[in-house]
Amino acid sequence: MMALTEFFWSVTRFGGAHAIIPGCVGVFVGLWRLDEKTCARDFVFATILCFACILAAKVTLLTGFDFSPSGHTAMSTFFYAAVGYLAAALRPSLFSVLLALGLWLVILLIAVSRFTVAGHTRLETLAGFLVGLAAFEFFRRRMRPRPAAPADLLSAALLALIVAIIVNRLMSLGFVDEDDIRAFAQWLRWEIAG
């Protein structure tokens, strides 16, 4: 049982801000490098939309109902689904389809980890999943990338990876987490109660 708990704690980190935000910045830079500027802008907009919706839902629902939709599940659903879809759109192949399926498995594992070891309920996890799925669907409906040459795709992917690593290192200097959001919601609840 301990090994399974450790496994889920390891998996849940892939849905955290230190993984998702650098990844999103990397995807944006990679799309820009491929001259997919409209797609890159839509990706940023959908990322911000997902983050804003989950943050607003957390603050609002924690303030009134002590319900906290899973931000890990929301952001990982959006991010990994978008990356898989982009891979299939930019370079259609068996590999990109398998990558997309593998990323959906990562989404599922992160979601399960949130209610298995991270303290969310199944309903909070489902709420986060639906927010992430809505943001992904918004992005998917807007994106129109052209297939990319393998060399261009490789250079864009390497640039995206380098940028993501740099952003991750910068973020390790400090970031707002779930406890900060919960404390803000508690303060807001006290202020409203008067």
# chains A, B, ... in the order shown; residues from 1 in each chain; ligands from 1

call {"tool": "closest_atom_pairs", "arguments": {"of": "stretch 81-175 of chain A", "to": "stretch 62-76 of chain A", "cutoff": "9 Å", "atoms": "only C-alpha atoms", "output": "Markdown table"}}
result
| residue | atom | partner | partner_atom | distance |
| --- | --- | --- | --- | --- |
| A:Ala81 | CA | A:Ser76 | CA | 7.9 |
| A:Val106 | CA | A:Ser76 | CA | 8.5 |
| A:Ile107 | CA | A:Ser76 | CA | 6.2 |
| A:Leu108 | CA | A:Thr73 | CA | 8.7 |
| A:Ile110 | CA | A:Thr73 | CA | 6.4 |
| A:Ala111 | CA | A:Thr73 | CA | 5.4 |
| A:Arg114 | CA | A:Ser70 | CA | 7.3 |
| A:His120 | CA | A:Ser70 | CA | 6.8 |
| A:Thr121 | CA | A:Pro69 | CA | 8.7 |
| A:Leu123 | CA | A:Pro69 | CA | 7.8 |
| A:Glu124 | CA | A:Pro69 | CA | 4.2 |
| A:Thr125 | CA | A:Ser70 | CA | 5.1 |
| A:Leu126 | CA | A:Pro69 | CA | 7.7 |
| A:Ala127 | CA | A:Pro69 | CA | 5.4 |
| A:Gly128 | CA | A:Ala74 | CA | 4.3 |
| A:Phe129 | CA | A:Ala74 | CA | 4.9 |
| A:Leu130 | CA | A:Ala74 | CA | 7.1 |
| A:Val131 | CA | A:Ala74 | CA | 5.5 |
| A:Gly132 | CA | A:Ala74 | CA | 4.0 |
| A:Leu133 | CA | A:Ala74 | CA | 7.4 |
| A:Ala135 | CA | A:Ala74 | CA | 8.7 |

call {"tool": "residues_around", "arguments": {"residues": "A:Asp152", "least_positions_apart": "2", "cutoff": "12 Å", "atoms": "only C-alpha atoms", "output": "PyMOL selection string"}}
result
chain A and resi 30-36+90-91+146-150+154-159

call {"tool": "select_by_dssp", "arguments": {"residues": "stretch 95-172 of chain A", "states": "alpha helix (DSSP H)", "output": "PyMOL selection string"}}
result
chain A and resi 95-116+122-142+150-171

call {"tool": "residues_around", "arguments": {"residues": "A:Thr60", "least_positions_apart": "6", "cutoff": "12 Å", "atoms": "only C-alpha atoms", "output": "tab-separated table (two decimals) with C-alpha atoms, in the first residue's frame"}}
result
chain	number	residue	atom	x	y	z
A	52	ALA	CA	-8.79	32.10	-13.88
A	53	CYS	CA	-11.84	29.82	-13.82
A	54	ILE	CA	-10.31	27.36	-11.37
A	66	ASP	CA	-15.67	24.68	1.76
A	67	PHE	CA	-15.51	23.06	-1.71
A	68	SER	CA	-12.22	23.24	-3.60
A	69	PRO	CA	-12.20	22.08	-7.24
A	181	ILE	CA	-5.78	30.18	-1.57
A	182	ARG	CA	-7.55	28.44	1.34
A	184	PHE	CA	-7.51	33.88	1.47
A	185	ALA	CA	-10.93	32.23	1.19
A	186	GLN	CA	-11.11	31.87	4.99
A	188	LEU	CA	-12.86	36.50	2.84
A	189	ARG	CA	-15.45	34.34	4.65
A	192	ILE	CA	-18.28	38.72	4.64

call {"tool": "closest_residue", "arguments": {"among": "A:Tyr80, A:Trp104, A:Phe8, A:Phe45", "to": "A:Phe138", "atoms": "only C-alpha atoms"}}
result
A:Phe45

call {"tool": "closest_residue", "arguments": {"among": "A:Val97, A:Leu49, A:Ala56, A:Leu153", "to": "A:Phe78", "atoms": "only C-alpha atoms"}}
result
A:Leu49

call {"tool": "atom_distance", "arguments": {"atom1": "atom CA of A:Cys50", "atom2": "atom CA of A:Arg122"}}
result
19.5 Å
